[in-house]
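Below is protein-v1.cif, holding mmCIF, C-alpha atoms.
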```cif
data_data
#
loop_
_atom_site.label_atom_id
_atom_site.label_comp_id
_atom_site.auth_asym_id
_atom_site.auth_seq_id
_atom_site.Cartn_x
_atom_site.Cartn_y
_atom_site.Cartn_z
CA MET A 1 129.75 76.95 98.10
CA GLU A 2 128.32 73.79 96.58
CA SER A 3 127.34 72.33 99.93
CA VAL A 4 125.39 75.46 100.88
CA ILE A 5 123.64 75.57 97.52
CA SER A 6 122.83 71.86 97.44
CA ALA A 7 121.54 71.87 101.03
CA SER A 8 119.32 74.86 100.31
CA LEU A 9 117.87 73.21 97.22
CA ILE A 10 117.36 69.84 98.93
CA VAL A 11 115.12 71.57 101.47
CA LEU A 12 112.78 72.31 98.56
CA VAL A 13 112.79 68.63 97.59
CA ILE A 14 112.15 67.04 100.99
CA ARG A 15 109.62 69.55 102.31
CA THR A 16 106.65 67.97 100.52
CA LYS A 17 105.36 64.58 99.47
CA LYS A 18 104.73 65.85 95.94
CA PRO A 19 107.48 66.20 93.36
CA PHE A 20 109.37 69.42 94.13
CA PHE A 21 108.54 70.98 90.77
CA LYS A 22 104.79 70.49 91.34
CA SER A 23 104.67 72.09 94.78
CA ILE A 24 105.33 75.81 95.02
CA PRO A 25 107.09 76.81 98.24
CA GLY A 26 105.92 79.75 100.33
CA LYS A 27 107.21 83.21 99.59
CA TYR A 28 109.53 83.30 102.61
CA LEU A 29 111.09 79.92 101.86
CA SER A 30 111.49 80.89 98.19
CA ALA A 31 113.06 84.22 99.09
CA ALA A 32 115.41 82.69 101.66
CA THR A 33 116.50 79.93 99.28
CA LEU A 34 117.10 82.38 96.44
CA LEU A 35 119.04 84.73 98.71
CA ILE A 36 121.24 81.91 100.05
CA VAL A 37 121.96 80.44 96.61
CA VAL A 38 122.78 83.81 95.02
CA SER A 39 124.90 84.90 98.00
CA ALA A 40 126.87 81.65 98.09
CA PHE A 41 127.47 81.83 94.35
CA LEU A 42 128.51 85.50 94.26
CA LEU A 43 130.52 85.72 97.50
CA PRO A 44 133.83 84.51 95.99
CA PHE A 45 133.52 87.14 93.23
CA MET A 46 132.98 90.04 95.65
CA PRO A 47 135.66 92.00 97.52
CA ILE A 48 134.46 90.69 100.89
CA GLY A 49 135.14 87.17 99.65
CA LYS A 50 138.85 87.97 99.62
CA VAL A 51 138.65 88.85 103.34
CA PHE A 52 137.54 85.25 104.00
CA GLY A 53 140.12 83.82 101.61
CA PHE A 54 137.64 82.85 98.89
CA SER A 55 138.65 82.84 95.27
CA PRO A 56 136.46 82.47 92.18
CA LEU A 57 136.23 78.99 90.69
CA PRO A 58 136.64 78.37 86.96
CA ILE A 59 133.42 78.22 84.94
CA SER A 60 134.10 74.61 83.93
CA PHE A 61 134.25 73.62 87.61
CA LEU A 62 131.01 75.49 88.34
CA LEU A 63 129.30 73.62 85.50
CA ILE A 64 130.52 70.28 86.88
CA ILE A 65 129.22 71.25 90.33
CA GLY A 66 125.90 72.20 88.74
CA VAL A 67 125.61 68.76 87.13
CA ILE A 68 126.48 67.02 90.40
CA VAL A 69 123.91 69.08 92.33
CA ALA A 70 121.29 68.32 89.65
CA PHE A 71 121.95 64.58 90.01
CA TYR A 72 121.78 64.96 93.80
CA ILE A 73 118.37 66.61 93.54
CA ILE A 74 117.11 63.94 91.12
CA SER A 75 118.34 61.13 93.37
CA ALA A 76 116.76 62.74 96.44
CA GLU A 77 113.46 63.01 94.54
CA ILE A 78 113.65 59.31 93.55
CA VAL A 79 114.46 58.20 97.12
CA LYS A 80 111.61 60.35 98.44
CA MET A 81 109.22 58.76 95.93
CA LEU A 82 110.32 55.25 96.96
CA PHE A 83 110.00 56.15 100.63
CA TYR A 84 106.43 57.38 100.27
CA ARG A 85 105.46 54.31 98.27
CA ARG A 86 106.66 52.10 101.10
CA VAL A 87 105.58 54.18 104.10
CA LYS A 88 101.95 55.24 104.06
CA PHE A 89 101.04 58.44 105.87
#
```
What would you get if you wrote out this structure as structure tokens?
Amino acid sequence: MESVISASLIVLVIRTKKPFFKSIPGKYLSAATLLIVVSAFLLPFMPIGKVFGFSPLPISFLLIIGVIVAFYIISAEIVKMLFYRRVKF
């Protein structure tokens, strides 16, 4: 779950030279990202999740994952900023 969510959110970070919060993605990318994140989060809580052997994670674990993903996004934004300072396009 966390790898799908983090990968989907990192796409929003690396797609532009600007900071991700200053550049609004297109409607299709926004919709696809939202759909993937919500689906990945809700799948273990739905009956079909049991078919695949998924089980809901405790809220405390989800909060820890959220913090880790937030730090991942921040670090990707910092590395992107350093990259574009060094490499001129």
Exercise for the section: Starting from the shown file, work through the PyMOL selection byres ((chain A and resi 6) around 12) and note down what comes out as a list in words. Expected result: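 With the PyMOL selection byres ((chain A and resi 6) around 12) on this model, the match is Met1, Glu2, Ser3, Val4, Ile5, Ala7, Ser8, Leu9, Ile10, Val11, Leu12, Val13, Thr33, Ile36, Val37, Ala40, Phe41, Ile65, Gly66, Val67, Ile68, Val69, Ala70, Phe71, Tyr72, Ile73, Ile74 and Ala76 of chain A.
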Handout entry: Selection result of the PyMOL selection byres ((chain A and resi 80-89) around 8) on this file, as a ChimeraX atom specification
Key = /A:14,17,76-79
Exercise for the section: Tell me, in Å to one decimal, how far CA of Leu63 (chain A) is from CA of Lys18 (chain A). Expected result: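 Those two atoms sit 27.8 Å apart.
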Handout entry: Atomic distance CA of Leu29 (chain A) - CA of Arg15 (chain A), expressed in Å with one decimal
Key =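 Separating CA of Leu29 (chain A) from CA of Arg15 (chain A) is a distance of 10.5 Å.
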Work out where the centre of an axis-aligned box around every listed atom of region 31-40 of chain A lies and how long its edges are once 8 Å is added on each side; give both in Å to one decimal as JSON.
```
{"center_x": 120.0, "center_y": 82.4, "center_z": 98.3, "size_x": 29.8, "size_y": 21.0, "size_z": 22.6}
```
Fill in the blank from the handout: Here CA of Leu35 (chain A) and CA of Pro19 (chain A) stand apart by 22.5 Å
Problem - Hits of the PyMOL selection byres ((chain A and resi 57) around 12) in this structure, as a list in words - result: Met1, Glu2, Phe41, Leu42, Leu43, Pro44, Phe45, Phe54, Ser55, Pro56, Pro58, Ile59, Ser60, Phe61, Leu62, Leu63, Ile64 and Ile65 of chain A
Take region 53-66 of chain A, bring it up to N, CA, C and O atoms, and give me the output as a PDB file, keeping the file's coordinate frame.
```pdb
ATOM      1  N   GLY A  53     139.215  84.706 102.317  1.00  0.00           N
ATOM      2  CA  GLY A  53     140.120  83.820 101.610  1.00  0.00           C
ATOM      3  C   GLY A  53     139.480  83.062 100.463  1.00  0.00           C
ATOM      4  O   GLY A  53     140.027  82.062 100.004  1.00  0.00           O
ATOM      5  N   PHE A  54     138.322  83.508 100.003  1.00  0.00           N
ATOM      6  CA  PHE A  54     137.640  82.850  98.890  1.00  0.00           C
ATOM      7  C   PHE A  54     138.245  83.327  97.576  1.00  0.00           C
ATOM      8  O   PHE A  54     138.679  84.471  97.454  1.00  0.00           O
ATOM      9  N   SER A  55     138.230  82.448  96.604  1.00  0.00           N
ATOM     10  CA  SER A  55     138.650  82.840  95.270  1.00  0.00           C
ATOM     11  C   SER A  55     137.663  82.247  94.266  1.00  0.00           C
ATOM     12  O   SER A  55     137.107  81.171  94.492  1.00  0.00           O
ATOM     13  N   PRO A  56     137.430  82.959  93.168  1.00  0.00           N
ATOM     14  CA  PRO A  56     136.460  82.470  92.180  1.00  0.00           C
ATOM     15  C   PRO A  56     136.917  81.139  91.552  1.00  0.00           C
ATOM     16  O   PRO A  56     138.098  80.922  91.304  1.00  0.00           O
ATOM     17  N   LEU A  57     135.952  80.270  91.334  1.00  0.00           N
ATOM     18  CA  LEU A  57     136.230  78.990  90.690  1.00  0.00           C
ATOM     19  C   LEU A  57     136.079  79.137  89.182  1.00  0.00           C
ATOM     20  O   LEU A  57     135.300  79.965  88.710  1.00  0.00           O
ATOM     21  N   PRO A  58     136.797  78.320  88.413  1.00  0.00           N
ATOM     22  CA  PRO A  58     136.640  78.370  86.960  1.00  0.00           C
ATOM     23  C   PRO A  58     135.215  77.962  86.547  1.00  0.00           C
ATOM     24  O   PRO A  58     134.566  77.160  87.225  1.00  0.00           O
ATOM     25  N   ILE A  59     134.773  78.510  85.436  1.00  0.00           N
ATOM     26  CA  ILE A  59     133.420  78.220  84.940  1.00  0.00           C
ATOM     27  C   ILE A  59     133.226  76.726  84.702  1.00  0.00           C
ATOM     28  O   ILE A  59     132.157  76.180  85.003  1.00  0.00           O
ATOM     29  N   SER A  60     134.232  76.047  84.187  1.00  0.00           N
ATOM     30  CA  SER A  60     134.100  74.610  83.930  1.00  0.00           C
ATOM     31  C   SER A  60     133.828  73.850  85.234  1.00  0.00           C
ATOM     32  O   SER A  60     133.023  72.912  85.260  1.00  0.00           O
ATOM     33  N   PHE A  61     134.472  74.259  86.312  1.00  0.00           N
ATOM     34  CA  PHE A  61     134.250  73.620  87.610  1.00  0.00           C
ATOM     35  C   PHE A  61     132.842  73.909  88.112  1.00  0.00           C
ATOM     36  O   PHE A  61     132.178  73.028  88.668  1.00  0.00           O
ATOM     37  N   LEU A  62     132.376  75.139  87.923  1.00  0.00           N
ATOM     38  CA  LEU A  62     131.010  75.490  88.340  1.00  0.00           C
ATOM     39  C   LEU A  62     129.980  74.678  87.571  1.00  0.00           C
ATOM     40  O   LEU A  62     128.953  74.264  88.136  1.00  0.00           O
ATOM     41  N   LEU A  63     130.225  74.435  86.298  1.00  0.00           N
ATOM     42  CA  LEU A  63     129.300  73.620  85.500  1.00  0.00           C
ATOM     43  C   LEU A  63     129.286  72.171  86.005  1.00  0.00           C
ATOM     44  O   LEU A  63     128.219  71.559  86.097  1.00  0.00           O
ATOM     45  N   ILE A  64     130.444  71.642  86.339  1.00  0.00           N
ATOM     46  CA  ILE A  64     130.520  70.280  86.880  1.00  0.00           C
ATOM     47  C   ILE A  64     129.762  70.211  88.210  1.00  0.00           C
ATOM     48  O   ILE A  64     129.008  69.266  88.468  1.00  0.00           O
ATOM     49  N   ILE A  65     129.952  71.198  89.054  1.00  0.00           N
ATOM     50  CA  ILE A  65     129.220  71.250  90.330  1.00  0.00           C
ATOM     51  C   ILE A  65     127.725  71.314  90.072  1.00  0.00           C
ATOM     52  O   ILE A  65     126.942  70.658  90.754  1.00  0.00           O
ATOM     53  N   GLY A  66     127.314  72.109  89.088  1.00  0.00           N
ATOM     54  CA  GLY A  66     125.900  72.200  88.740  1.00  0.00           C
ATOM     55  C   GLY A  66     125.317  70.859  88.330  1.00  0.00           C
ATOM     56  O   GLY A  66     124.202  70.500  88.731  1.00  0.00           O
TER      57      GLY A  66
END
```
